[in-house]
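Student: Below is a structure I'd like to ask you about.
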Amino acid sequence: MIVNTELEQKGNLFPSKIIKYTKDVDTLHFTTDNNVVLQVTVVRDSVIRFRYSTTGKFEKDFSYGVTVHASRGYSFLKVSEEKTHYIITTSKLICKVEKLSLQVSLYDAIDLKLINEDEIGFHWEESYEYGGDIVKMSKACQKAESFYGLGDKPVEVNMKGKRFENWATDSYAFGKNTDPIYKAIPFYTAIQDNKSYGIFFDNTFKTHFDFAHERRNVTSFWAQGGEMNYYFIYGPKMEDVVANYTDLTGKPHTLPPLWALGFHQCKWSYYPESNVKEITKTFRDLKIPCDAIYLDIDYMDGFRCFTWDKKHFPDPKRMVRELEEDGFKTVVIIDPGIKIDLEYDVFKEALDKDYFCKRADGPYMKGKVWPGECYFPDFTKPEVREWWSGLFQELIEDIGVKGVWNDMNEPAVMDVPNKSFPDDVRHDYDGNPCSHRKAHNIYGTQMARATYHGLKKYAYPKRPFVITRSAYSGAQRYTSTWMGDNVATWEHLAIANNQAQRMAMSGFSFAGSDIGGFAEQPQGELFARWIQLGVFHAFCRVHSSGDHGDQEPWVFGTEITDIVRKFVEIRYQLLPYLYTAFWNHINHGTPILKSLVLYDQEDVATHYRSDEFIFGDSILVCPILEPNSKGRRMYIPRGTWYNFWTDEVVEGGREVWVDADLDSMPIFIKEGAVIPKYPVQQYVGEKKFDEITLDVYYKEGKEKSQLFDDAHDGYDYKKGRYSLRTFKVTGKKNELILQQHKQGKFDAEYTNFNIVFHNLPFKITSVQIDNVVVEVNKSNTTQFQSITVDKEFTELHLFGK
Ligand code: GLC
């Protein structure tokens, strides 16, 4: 037994020595003589689960976070016993368990170097008030170790030196460092000595994380109840850690419909119908592409979910159809609070069927939200989720609404000190009855899950689109998300940048901020800078509270309108590129945004960078975060990059000044990249086109890029009706070869690629397509030379001098 007097005096208990060891296939049990059991499960060669019981018995093994589809299986597993410890070896990891203390240490199985080790390791405090334990884990923190992830925390990307709490909280106008806010994602990645690992603490109680804040050489995490139950995920590449975590907690079940990657306009609230139409018409008149228009709570009758205010929206079905004819998809808000009103069907049915949450002694959980006093469905009960999903039939199938926005699902309650339910509220937790202490952090995810199933059913054969405010690990399977009620300040622009990167590094890529800020009104300059960042976030929506003035792209004068149009057009041109990144995300768990540390972990200069990030695989973006800027200094990661605007070549691995007047921002393309681009459209599917552009950025050497395509909606891609084109660029002094390999059965409408070559160091003298010499326009001698080819070409060969 470890003696740690100080901690002992504070009521902490520790495991004593191992007296028994058993093994059953992939799972080992170590039992100590004070009845602590450590269960070690080898999930994959690089993923090991550690679970501790202080009573000799484990809870029923149930998790909302881990998906049943997670990959399992290892290529190698050996367990051996030494004098002082046990050794578990897989092809990637060596795990030691100390006999005297139950302490765990983990090593790279190839170079045998230490990755991570327990400091005290597992310890706990008994909870007199609630029963069970406060379960704790402490680990040694290496000197140069850094930490990333944890969902939506509004802090710099690297969390070293900070402490956090996970308790989903409605946080109107939160600030930098406000903690906790809306989400509870108990997963982080760490890097030290060029080795990256992750820890997913799968516990829905309030959890805490300390990254060398209290003690410089210790990181720790603990929970107010439940089990110490965490997954250790080894890279050593950070990208693999995030991918494996995403595999464990689930990739999005479906690709979003392509329109959902377009531009969205929202406000609290657009009404009546004439106002909605005026907004959508102005988008079309000003030629600012837009795909989605949102209706906030005022579309409802007295804020009753699944109803319409017939005065302001006399014929929603006609309106939604007309909007759709103009390319606008209607997205509506649905909150969890159901107004107490016996005349209201939804309330009446849930009451009759006993679907509302109750307090410990039986009364209903009553709380105030927008409609006034409400009851709240217990989304942790399968039957309730099924019922909830059925409520969408009219909205989706009949009226034609295309997306649903779930808000206030932390759950938020107004005018009470803790902004949510009291702890004693009871939940079903999928047949594992518990109090709100355990269900709070998962409530929002289960609501979004039920909503997702409703949309999936009634939008069929189209794909669902859901957006949620609250989330626990795994929510990314069902929904997109936004960061809640931010503020129209420059500081919040930086926070939005950090949050979107942090979410992507936490397995949740389909995320974005309220562009322009929710509270307050931005100046035109801030709005323009925010649009510039927002078009590089997977979810791209302007939203505002409407209290402080309008926030449409045209309210800040023509200069700003033109800048917004220019950047939204770039977004629409890059849709095939973003769609391909999304495909990689749902297939391989690859994050759509990559903080520089994830992009190039070997370069320690990236470990503390927050501003710059990689969008997809090959586009480097750095927002302008200060007023009156003519440009900024930024870090260019190692390698060679092309300035997106000028094609100027920049060598990375250093900080450089980049010009960026208000109508520009620093964007760079990795050399060798092939960037697919659509023509500008006002909305997805507006135009049929014969060709799309491939921007090829010359590189001396080799590089690969991909282009995914399918019908942009529906499920046929799951049956192989998609196309995945791999482009291989090979550049030599006086030659460039572009090879294409196509997989999949989908045939896009367009027939040609317009291939634009950037920065060829030679003048083209001849061109061969699939080994046949073709005529080139000799007068075309600028550096941006382009050639139109049939999209099914397999090899294009440029010769020059
Ligand atoms: C919450 C949401 C916000 C929404 C408002 C009214 O504050 O975060 O996005 O507009 O409620 O529904």
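Following the order of the structure tokens, first chain is A, next is B, and so on, with residues numbered from 1 inside each chain and ligands from 1 in the order they appear.
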Mind checking which residues fall within 12 Å of Met414 in chain A, counting only C-alpha atoms, ignoring those fewer than 5 positions away in the same chain, and posting them as a list in words?
Tutor: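 Returned residues: Thr169, Asp170, Ser171, Tyr172, Gly337, Lys366, Gly367, Lys368, Val369, Trp370, Pro371, Gly372, Glu373, Cys374, Met408, Lys419, Ser420 and Phe421 of chain A.
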Student: Output all heavy atoms for every residue in that selection, as a compact mmCIF listing (two decimals), in the first residue's frame.
Tutor:
```txt
# COMPACT_ATOMS: atom_id res chain seq x y z
N THR A 169 -23.06 23.24 -19.20
CA THR A 169 -23.65 24.42 -18.57
C THR A 169 -24.05 25.47 -19.60
O THR A 169 -23.25 25.86 -20.45
CB THR A 169 -22.62 25.05 -17.60
OG1 THR A 169 -22.20 24.05 -16.68
CG2 THR A 169 -23.22 26.21 -16.83
N ASP A 170 -25.28 25.94 -19.48
CA ASP A 170 -25.75 27.05 -20.31
C ASP A 170 -24.92 28.27 -19.91
O ASP A 170 -24.91 28.67 -18.75
CB ASP A 170 -27.24 27.27 -19.99
CG ASP A 170 -27.83 28.42 -20.78
OD1 ASP A 170 -27.17 28.91 -21.71
OD2 ASP A 170 -28.96 28.83 -20.44
N SER A 171 -24.20 28.85 -20.88
CA SER A 171 -23.22 29.89 -20.53
C SER A 171 -23.33 31.11 -21.42
O SER A 171 -22.41 31.43 -22.17
CB SER A 171 -21.80 29.31 -20.65
OG SER A 171 -21.71 28.08 -20.00
N TYR A 172 -24.47 31.79 -21.33
CA TYR A 172 -24.68 32.98 -22.13
C TYR A 172 -23.50 33.95 -21.97
O TYR A 172 -23.10 34.24 -20.85
CB TYR A 172 -25.99 33.66 -21.70
CG TYR A 172 -26.21 34.99 -22.39
CD1 TYR A 172 -26.71 35.03 -23.68
CD2 TYR A 172 -25.90 36.18 -21.74
CE1 TYR A 172 -26.89 36.25 -24.33
CE2 TYR A 172 -26.07 37.40 -22.39
CZ TYR A 172 -26.57 37.42 -23.69
OH TYR A 172 -26.73 38.62 -24.33
N GLY A 337 -37.54 21.56 -23.22
CA GLY A 337 -38.59 21.92 -22.26
C GLY A 337 -39.96 21.89 -22.92
O GLY A 337 -40.18 22.56 -23.93
N LYS A 366 -39.86 20.24 -12.58
CA LYS A 366 -40.49 21.41 -13.19
C LYS A 366 -39.45 22.51 -13.28
O LYS A 366 -38.73 22.77 -12.33
CB LYS A 366 -41.66 21.83 -12.31
CG LYS A 366 -42.53 22.90 -12.94
CD LYS A 366 -43.89 22.97 -12.27
CE LYS A 366 -43.80 23.85 -11.04
NZ LYS A 366 -45.10 24.04 -10.40
N GLY A 367 -39.35 23.16 -14.42
CA GLY A 367 -38.37 24.24 -14.55
C GLY A 367 -38.81 25.23 -15.60
O GLY A 367 -39.59 24.91 -16.50
N LYS A 368 -38.30 26.45 -15.44
CA LYS A 368 -38.69 27.50 -16.37
C LYS A 368 -37.73 27.58 -17.55
O LYS A 368 -36.51 27.62 -17.36
CB LYS A 368 -38.69 28.83 -15.62
CG LYS A 368 -39.81 29.74 -16.04
CD LYS A 368 -39.76 31.04 -15.29
CE LYS A 368 -39.52 32.15 -16.30
NZ LYS A 368 -39.02 33.37 -15.72
N VAL A 369 -38.26 27.57 -18.73
CA VAL A 369 -37.48 27.86 -19.93
C VAL A 369 -38.31 28.84 -20.77
O VAL A 369 -39.21 29.48 -20.23
CB VAL A 369 -37.08 26.59 -20.73
CG1 VAL A 369 -35.68 26.75 -21.32
CG2 VAL A 369 -37.06 25.34 -19.86
N TRP A 370 -38.03 28.98 -22.07
CA TRP A 370 -38.73 30.00 -22.87
C TRP A 370 -40.25 29.93 -22.74
O TRP A 370 -40.90 30.97 -22.61
CB TRP A 370 -38.34 29.90 -24.36
CG TRP A 370 -36.87 29.95 -24.62
CD1 TRP A 370 -36.13 29.01 -25.27
CD2 TRP A 370 -35.94 30.98 -24.27
NE1 TRP A 370 -34.80 29.38 -25.32
CE2 TRP A 370 -34.67 30.59 -24.71
CE3 TRP A 370 -36.07 32.21 -23.59
CZ2 TRP A 370 -33.52 31.36 -24.53
CZ3 TRP A 370 -34.92 32.98 -23.40
CH2 TRP A 370 -33.68 32.56 -23.86
N PRO A 371 -40.88 28.74 -22.76
CA PRO A 371 -42.34 28.71 -22.71
C PRO A 371 -42.91 29.00 -21.32
O PRO A 371 -44.13 29.00 -21.15
CB PRO A 371 -42.68 27.27 -23.11
CG PRO A 371 -41.41 26.61 -23.49
CD PRO A 371 -40.30 27.40 -22.91
N GLY A 372 -42.08 29.23 -20.32
CA GLY A 372 -42.55 29.30 -18.94
C GLY A 372 -42.30 27.95 -18.30
O GLY A 372 -41.35 27.24 -18.69
N GLU A 373 -43.16 27.56 -17.35
CA GLU A 373 -42.93 26.30 -16.63
C GLU A 373 -43.03 25.11 -17.60
O GLU A 373 -43.97 25.02 -18.39
CB GLU A 373 -43.96 26.13 -15.52
CG GLU A 373 -43.91 27.23 -14.46
CD GLU A 373 -42.69 27.13 -13.54
OE1 GLU A 373 -41.83 26.25 -13.76
OE2 GLU A 373 -42.61 27.95 -12.60
N CYS A 374 -42.05 24.25 -17.49
CA CYS A 374 -41.98 23.08 -18.39
C CYS A 374 -41.69 21.80 -17.62
O CYS A 374 -41.15 21.84 -16.51
CB CYS A 374 -40.83 23.25 -19.38
SG CYS A 374 -41.10 24.50 -20.62
N MET A 408 -30.58 24.37 -25.62
CA MET A 408 -30.95 24.36 -24.20
C MET A 408 -30.92 22.95 -23.60
O MET A 408 -31.59 22.65 -22.64
CB MET A 408 -32.37 24.94 -24.01
CG MET A 408 -32.60 26.30 -24.64
SD MET A 408 -31.62 27.62 -23.90
CE MET A 408 -32.66 28.09 -22.53
N LYS A 419 -28.56 26.63 -12.85
CA LYS A 419 -28.95 26.73 -14.27
C LYS A 419 -29.41 25.40 -14.86
O LYS A 419 -29.45 25.25 -16.08
CB LYS A 419 -27.79 27.24 -15.12
CG LYS A 419 -27.27 28.61 -14.75
CD LYS A 419 -26.15 28.95 -15.70
CE LYS A 419 -25.57 30.31 -15.45
NZ LYS A 419 -24.50 30.60 -16.39
N SER A 420 -29.67 24.41 -14.01
CA SER A 420 -30.06 23.11 -14.56
C SER A 420 -30.94 22.37 -13.56
O SER A 420 -31.48 22.96 -12.63
CB SER A 420 -28.81 22.30 -14.90
OG SER A 420 -29.16 21.17 -15.68
N PHE A 421 -31.08 21.06 -13.77
CA PHE A 421 -31.88 20.25 -12.86
C PHE A 421 -31.15 20.11 -11.52
O PHE A 421 -29.91 20.08 -11.50
CB PHE A 421 -32.07 18.83 -13.41
CG PHE A 421 -32.87 18.71 -14.67
CD1 PHE A 421 -33.39 19.81 -15.33
CD2 PHE A 421 -33.09 17.44 -15.22
CE1 PHE A 421 -34.11 19.67 -16.51
CE2 PHE A 421 -33.82 17.28 -16.40
CZ PHE A 421 -34.32 18.39 -17.04
```
Student: Tell me, as a PyMOL selection string, which residues lie within 7 Å of Lys381 in chain A, counting only C-alpha atoms; anything in the same chain fewer than 2 positions away does not count.
Tutor: chain A and resi 378-379+383-385+428-430
Student: Going by DSSP on the backbone, which bits of range 329-389 of chain A are alpha helix (DSSP H)? Write them as a list in words, please.
Tutor: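 Selection result, alpha helix (DSSP H) within range 329-389 of chain A: Asp345, Val346, Phe347, Lys348, Glu349, Ala350, Leu351, Asp352, Pro382, Glu383, Val384, Arg385, Glu386, Trp387, Trp388 and Ser389 of chain A.
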Student: Compute the set of protein, DNA and RNA residues whose minimum atom distance to ligand 1 is at most 9 Å, using only C-alpha atoms and all ligand atoms, and state it as a ChimeraX atom specification.
Tutor: /A:170-172,266-269,296-298,333-335,370,407-408,469,482-486,514,518,543-546
Student: Write out the residues from the selection above, keeping N, CA, C and O atoms, as a short mmCIF file (atom, residue, chain, number, x, y, z; two decimals), in the first residue's frame.
Tutor:
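Contents of the output file part_20.cif:
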```cif
data_model
loop_
_atom_site.label_atom_id
_atom_site.label_comp_id
_atom_site.auth_asym_id
_atom_site.auth_seq_id
_atom_site.Cartn_x
_atom_site.Cartn_y
_atom_site.Cartn_z
N ASP A 170 -25.28 25.94 -19.48
CA ASP A 170 -25.75 27.05 -20.31
C ASP A 170 -24.92 28.27 -19.91
O ASP A 170 -24.91 28.67 -18.75
N SER A 171 -24.20 28.85 -20.88
CA SER A 171 -23.22 29.89 -20.53
C SER A 171 -23.33 31.11 -21.42
O SER A 171 -22.41 31.43 -22.17
N TYR A 172 -24.47 31.79 -21.33
CA TYR A 172 -24.68 32.98 -22.13
C TYR A 172 -23.50 33.95 -21.97
O TYR A 172 -23.10 34.24 -20.85
N CYS A 266 -28.82 32.64 -39.73
CA CYS A 266 -29.69 32.42 -38.59
C CYS A 266 -29.80 33.70 -37.78
O CYS A 266 -28.91 34.56 -37.84
N LYS A 267 -30.87 33.84 -37.04
CA LYS A 267 -31.03 34.95 -36.11
C LYS A 267 -32.15 34.57 -35.14
O LYS A 267 -33.05 33.80 -35.49
N TRP A 268 -32.08 35.12 -33.98
CA TRP A 268 -33.17 34.96 -33.02
C TRP A 268 -34.04 36.20 -33.12
O TRP A 268 -33.69 37.21 -32.54
N SER A 269 -35.12 36.25 -33.79
CA SER A 269 -35.62 35.26 -34.73
C SER A 269 -36.08 35.95 -35.99
O SER A 269 -36.51 37.10 -35.93
N ASP A 296 -35.78 30.42 -35.33
CA ASP A 296 -35.56 30.31 -33.88
C ASP A 296 -36.92 30.23 -33.18
O ASP A 296 -37.96 30.24 -33.84
N ILE A 297 -36.91 30.21 -31.86
CA ILE A 297 -38.12 29.87 -31.08
C ILE A 297 -39.41 30.61 -31.44
O ILE A 297 -40.48 30.10 -31.16
N ASP A 298 -39.31 31.77 -32.07
CA ASP A 298 -40.54 32.54 -32.33
C ASP A 298 -41.42 31.97 -33.44
O ASP A 298 -42.52 32.48 -33.66
N ILE A 333 -35.60 25.25 -34.74
CA ILE A 333 -35.12 24.94 -33.39
C ILE A 333 -36.14 24.07 -32.66
O ILE A 333 -37.34 24.22 -32.85
N ILE A 334 -35.64 23.14 -31.87
CA ILE A 334 -36.48 22.33 -30.98
C ILE A 334 -35.75 22.19 -29.65
O ILE A 334 -34.63 21.69 -29.59
N ASP A 335 -36.40 22.68 -28.58
CA ASP A 335 -35.80 22.64 -27.24
C ASP A 335 -36.38 21.47 -26.44
O ASP A 335 -37.44 20.96 -26.77
N TRP A 370 -38.03 28.98 -22.07
CA TRP A 370 -38.73 30.00 -22.87
C TRP A 370 -40.25 29.93 -22.74
O TRP A 370 -40.90 30.97 -22.61
N ASP A 407 -31.42 22.92 -28.86
CA ASP A 407 -30.79 23.93 -28.01
C ASP A 407 -31.18 23.66 -26.55
O ASP A 407 -32.03 22.82 -26.28
N MET A 408 -30.58 24.37 -25.62
CA MET A 408 -30.95 24.36 -24.20
C MET A 408 -30.92 22.95 -23.60
O MET A 408 -31.59 22.65 -22.64
N ARG A 469 -26.40 21.88 -28.99
CA ARG A 469 -25.53 22.77 -28.21
C ARG A 469 -24.74 21.97 -27.18
O ARG A 469 -23.55 22.15 -27.02
N TRP A 482 -22.65 23.72 -32.43
CA TRP A 482 -22.05 25.06 -32.40
C TRP A 482 -21.66 25.36 -30.96
O TRP A 482 -22.00 24.63 -30.05
N MET A 483 -20.95 26.44 -30.76
CA MET A 483 -20.31 26.68 -29.46
C MET A 483 -21.16 27.49 -28.49
O MET A 483 -20.64 27.95 -27.47
N GLY A 484 -22.42 27.75 -28.83
CA GLY A 484 -23.27 28.46 -27.89
C GLY A 484 -23.12 29.97 -27.99
O GLY A 484 -22.60 30.51 -28.98
N ASP A 485 -23.55 30.62 -26.91
CA ASP A 485 -23.75 32.08 -26.95
C ASP A 485 -22.48 32.87 -26.73
O ASP A 485 -22.19 33.36 -25.63
N ASN A 486 -21.73 33.05 -27.78
CA ASN A 486 -20.50 33.85 -27.73
C ASN A 486 -20.83 35.33 -27.87
O ASN A 486 -21.99 35.74 -27.92
N ASP A 514 -21.02 30.84 -33.64
CA ASP A 514 -21.97 31.83 -34.16
C ASP A 514 -21.13 32.92 -34.82
O ASP A 514 -20.50 33.74 -34.13
N PHE A 518 -22.91 36.05 -30.98
CA PHE A 518 -24.34 35.95 -30.65
C PHE A 518 -24.81 37.19 -29.89
O PHE A 518 -25.77 37.85 -30.25
N HIS A 543 -25.12 33.66 -36.72
CA HIS A 543 -26.26 33.70 -35.79
C HIS A 543 -26.06 34.85 -34.83
O HIS A 543 -24.92 35.19 -34.49
N SER A 544 -27.16 35.43 -34.42
CA SER A 544 -27.06 36.50 -33.43
C SER A 544 -28.35 36.57 -32.64
O SER A 544 -29.38 36.06 -33.08
N SER A 545 -28.27 37.20 -31.48
CA SER A 545 -29.45 37.26 -30.61
C SER A 545 -30.49 38.22 -31.16
O SER A 545 -31.63 38.21 -30.72
N GLY A 546 -30.09 39.06 -32.09
CA GLY A 546 -31.05 40.00 -32.66
C GLY A 546 -31.36 41.18 -31.74
O GLY A 546 -32.06 42.11 -32.13
#
```
Student: Applying 9 Å and only C-alpha atoms, which residues near Glu165 in chain A remain after dropping the ones on its own chain fewer than 2 positions away? List them as a count of residues only.
Tutor: 10
Student: If I take CA of Ala190 in chain A and CA of Thr468 in chain A, how far is one from the other in Å, to one decimal?
Tutor: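 Straight-line distance from CA of Ala190 in chain A to CA of Thr468 in chain A works out to 27.3 Å.
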Student: Hey, could you make a per-residue contact list for range 63-177 of chain A against range 216-228 of chain A with 7 Å as the cut-off, showing the nearest pair of atoms and its distance in Å to one decimal, counting only C-alpha atoms, sorted by chain and number, as CSV?
Tutor:
```
residue,atom,partner,partner_atom,distance
A:Gly132,CA,A:Gly225,CA,6.4
A:Asp133,CA,A:Gly225,CA,5.5
A:Ile134,CA,A:Gln224,CA,4.7
A:Val135,CA,A:Trp222,CA,5.5
A:Lys136,CA,A:Trp222,CA,4.2
A:Met137,CA,A:Phe221,CA,5.4
A:Ser138,CA,A:Ser220,CA,4.1
A:Lys139,CA,A:Thr219,CA,5.2
A:Ala140,CA,A:Val218,CA,4.7
A:Cys141,CA,A:Asn217,CA,4.6
A:Gln142,CA,A:Asn217,CA,6.4
```
Student: Would you mind exporting N, CA and C atoms of the selected residues as a tab-separated table (two decimals), in the first residue's frame?
Tutor:
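Saved the output as out.tsv:
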```tsv
chain	number	residue	atom	x	y	z
A	132	GLY	N	-21.07	5.31	-2.93
A	132	GLY	CA	-20.05	5.16	-3.97
A	132	GLY	C	-18.83	6.00	-3.64
A	133	ASP	N	-18.04	6.28	-4.67
A	133	ASP	CA	-16.75	6.95	-4.45
A	133	ASP	C	-16.57	8.16	-5.35
A	134	ILE	N	-15.68	9.01	-4.89
A	134	ILE	CA	-15.10	10.01	-5.79
A	134	ILE	C	-13.83	9.33	-6.28
A	135	VAL	N	-13.80	9.02	-7.57
A	135	VAL	CA	-12.70	8.20	-8.09
A	135	VAL	C	-11.63	9.07	-8.73
A	136	LYS	N	-10.37	8.76	-8.44
A	136	LYS	CA	-9.28	9.66	-8.85
A	136	LYS	C	-8.13	8.91	-9.49
A	137	MET	N	-7.45	9.63	-10.38
A	137	MET	CA	-6.27	9.07	-11.02
A	137	MET	C	-5.23	10.16	-11.14
A	138	SER	N	-4.01	9.85	-10.75
A	138	SER	CA	-2.96	10.86	-10.96
A	138	SER	C	-1.81	10.21	-11.72
A	139	LYS	N	-1.25	10.99	-12.62
A	139	LYS	CA	-0.18	10.49	-13.48
A	139	LYS	C	0.97	11.47	-13.50
A	140	ALA	N	2.14	10.91	-13.73
A	140	ALA	CA	3.31	11.78	-13.80
A	140	ALA	C	3.24	12.59	-15.09
A	141	CYS	N	3.59	13.86	-14.98
A	141	CYS	CA	3.62	14.71	-16.17
A	141	CYS	C	5.08	15.01	-16.50
A	142	GLN	N	5.47	14.71	-17.72
A	142	GLN	CA	6.85	14.95	-18.12
A	142	GLN	C	7.06	16.45	-18.38
```
Student: Which is closest to Asp716 in chain A among A:Arg541, A:Lys60, A:Arg463, A:His492, if we use only C-alpha atoms?
Tutor: A:Arg463
Student: Between A:Val767, A:His436, A:Leu323, A:Ala471, which has the minimum distance to Tyr130 in chain A (counting only C-alpha atoms)?
Tutor: A:His436
Student: Neighbouring residues of range 49-53 of chain A were defined as those with any atom within 8 Å, considering only C-alpha atoms; residues of the same chain fewer than 4 positions away were excluded. Please report them as a ChimeraX atom specification.
Tutor: /A:36-43,57-58,122,227-232
Student: Under the rule that only C-alpha atoms are counted, which of A:Pro553, A:Pro676, A:Pro15, A:Gly175 is the nearest residue to Trp124 in chain A?
Tutor: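 Nearest to Trp124 in chain A: A:Pro15.
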Student: Hey, what's within 8 Å of Phe392 in chain A if we count only C-alpha atoms and toss same-chain stuff fewer than 6 positions away? As a ChimeraX atom specification, please?
Tutor: /A:306,451,454-455,458
Student: Within 9 Å of range 628-636 of chain A, counting only C-alpha atoms, which residues show up once you throw out same-chain ones fewer than 6 positions away? Write them as number ranges by chain, please.
Tutor: A: 525, 605-606, 609, 611-612, 620, 622, 650-662, 664-666, 668
Student: Just the residues within 7 Å of range 287-290 of chain A, please, counting only C-alpha atoms, with nothing from its chain fewer than 3 positions along; format it as a list in words.
Tutor: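 Listed by chain and then number, they are Gly262, Phe263, His264, Phe283, Arg284, Arg565, Val568, Glu569, Gln681, Gln682 and Tyr683 of chain A.
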Student: Take the residues just selected and output them with all heavy atoms as a short mmCIF file (atom, residue, chain, number, x, y, z; two decimals), in the first residue's frame.
Tutor:
```cif
data_model
loop_
_atom_site.label_atom_id
_atom_site.label_comp_id
_atom_site.auth_asym_id
_atom_site.auth_seq_id
_atom_site.Cartn_x
_atom_site.Cartn_y
_atom_site.Cartn_z
N GLY A 262 -22.80 24.10 -46.82
CA GLY A 262 -22.88 25.45 -47.40
C GLY A 262 -22.95 26.50 -46.31
O GLY A 262 -22.64 26.24 -45.14
N PHE A 263 -23.37 27.68 -46.70
CA PHE A 263 -23.46 28.79 -45.75
C PHE A 263 -24.86 28.82 -45.15
O PHE A 263 -25.85 28.61 -45.85
CB PHE A 263 -23.16 30.10 -46.51
CG PHE A 263 -23.18 31.33 -45.66
CD1 PHE A 263 -22.15 31.60 -44.77
CD2 PHE A 263 -24.24 32.24 -45.75
CE1 PHE A 263 -22.17 32.74 -43.98
CE2 PHE A 263 -24.27 33.38 -44.96
CZ PHE A 263 -23.24 33.63 -44.07
N HIS A 264 -24.95 29.08 -43.82
CA HIS A 264 -26.24 29.10 -43.13
C HIS A 264 -26.47 30.49 -42.51
O HIS A 264 -25.54 31.06 -41.94
CB HIS A 264 -26.29 28.08 -41.99
CG HIS A 264 -26.06 26.65 -42.41
ND1 HIS A 264 -26.58 25.59 -41.70
CD2 HIS A 264 -25.37 26.10 -43.43
CE1 HIS A 264 -26.22 24.45 -42.29
NE2 HIS A 264 -25.48 24.74 -43.33
N PHE A 283 -30.29 37.63 -50.08
CA PHE A 283 -29.13 36.77 -50.42
C PHE A 283 -29.05 36.57 -51.92
O PHE A 283 -27.99 36.72 -52.52
CB PHE A 283 -29.25 35.41 -49.73
CG PHE A 283 -28.61 35.39 -48.36
CD1 PHE A 283 -29.37 35.52 -47.21
CD2 PHE A 283 -27.23 35.26 -48.23
CE1 PHE A 283 -28.78 35.52 -45.96
CE2 PHE A 283 -26.64 35.26 -46.97
CZ PHE A 283 -27.41 35.39 -45.84
N ARG A 284 -30.18 36.25 -52.53
CA ARG A 284 -30.17 35.97 -53.97
C ARG A 284 -29.91 37.25 -54.76
O ARG A 284 -29.13 37.24 -55.72
CB ARG A 284 -31.49 35.33 -54.40
CG ARG A 284 -31.76 33.96 -53.78
CD ARG A 284 -30.69 32.91 -54.15
NE ARG A 284 -30.97 31.63 -53.52
CZ ARG A 284 -30.19 31.01 -52.64
NH1 ARG A 284 -29.05 31.56 -52.26
NH2 ARG A 284 -30.54 29.84 -52.12
N ARG A 565 -19.12 38.17 -49.58
CA ARG A 565 -19.42 37.41 -50.81
C ARG A 565 -18.17 36.68 -51.30
O ARG A 565 -18.20 35.48 -51.60
CB ARG A 565 -19.96 38.32 -51.90
CG ARG A 565 -20.30 37.56 -53.17
CD ARG A 565 -20.68 38.46 -54.34
NE ARG A 565 -21.75 39.38 -54.03
CZ ARG A 565 -21.58 40.69 -53.79
NH1 ARG A 565 -20.38 41.23 -53.83
NH2 ARG A 565 -22.60 41.46 -53.52
N VAL A 568 -17.46 33.72 -48.96
CA VAL A 568 -18.46 32.66 -49.05
C VAL A 568 -18.33 31.96 -50.41
O VAL A 568 -18.50 30.75 -50.52
CB VAL A 568 -19.88 33.21 -48.79
CG1 VAL A 568 -20.93 32.11 -49.00
CG2 VAL A 568 -19.99 33.76 -47.37
N GLU A 569 -17.97 32.72 -51.42
CA GLU A 569 -17.74 32.09 -52.74
C GLU A 569 -16.56 31.12 -52.68
O GLU A 569 -16.61 30.05 -53.28
CB GLU A 569 -17.49 33.17 -53.81
CG GLU A 569 -18.78 33.87 -54.23
CD GLU A 569 -18.57 34.92 -55.32
OE1 GLU A 569 -17.40 35.24 -55.63
OE2 GLU A 569 -19.59 35.41 -55.85
N GLN A 681 -21.73 28.67 -56.92
CA GLN A 681 -23.18 28.51 -57.06
C GLN A 681 -23.83 29.28 -55.93
O GLN A 681 -23.21 29.51 -54.90
CB GLN A 681 -23.59 27.05 -56.87
CG GLN A 681 -22.87 26.06 -57.74
CD GLN A 681 -23.35 24.64 -57.40
OE1 GLN A 681 -24.42 24.23 -57.79
NE2 GLN A 681 -22.54 23.90 -56.67
N GLN A 682 -25.09 29.65 -56.10
CA GLN A 682 -25.78 30.37 -55.04
C GLN A 682 -26.27 29.41 -53.95
O GLN A 682 -26.55 29.80 -52.83
CB GLN A 682 -26.94 31.20 -55.60
CG GLN A 682 -26.46 32.30 -56.54
CD GLN A 682 -25.36 33.16 -55.92
OE1 GLN A 682 -25.55 33.75 -54.85
NE2 GLN A 682 -24.20 33.23 -56.56
N TYR A 683 -26.38 28.14 -54.33
CA TYR A 683 -26.68 27.09 -53.35
C TYR A 683 -26.31 25.77 -53.99
O TYR A 683 -26.17 25.68 -55.22
CB TYR A 683 -28.17 27.11 -52.94
CG TYR A 683 -29.14 27.00 -54.07
CD1 TYR A 683 -29.58 25.75 -54.53
CD2 TYR A 683 -29.61 28.14 -54.71
CE1 TYR A 683 -30.46 25.65 -55.58
CE2 TYR A 683 -30.49 28.04 -55.78
CZ TYR A 683 -30.92 26.80 -56.21
OH TYR A 683 -31.79 26.68 -57.26
#
```
Student: Using only C-alpha atoms, which of A:Thr54, A:Asp415, A:Pro637, A:Lys719 sits nearest Asp603 in chain A?
Tutor: A:Pro637
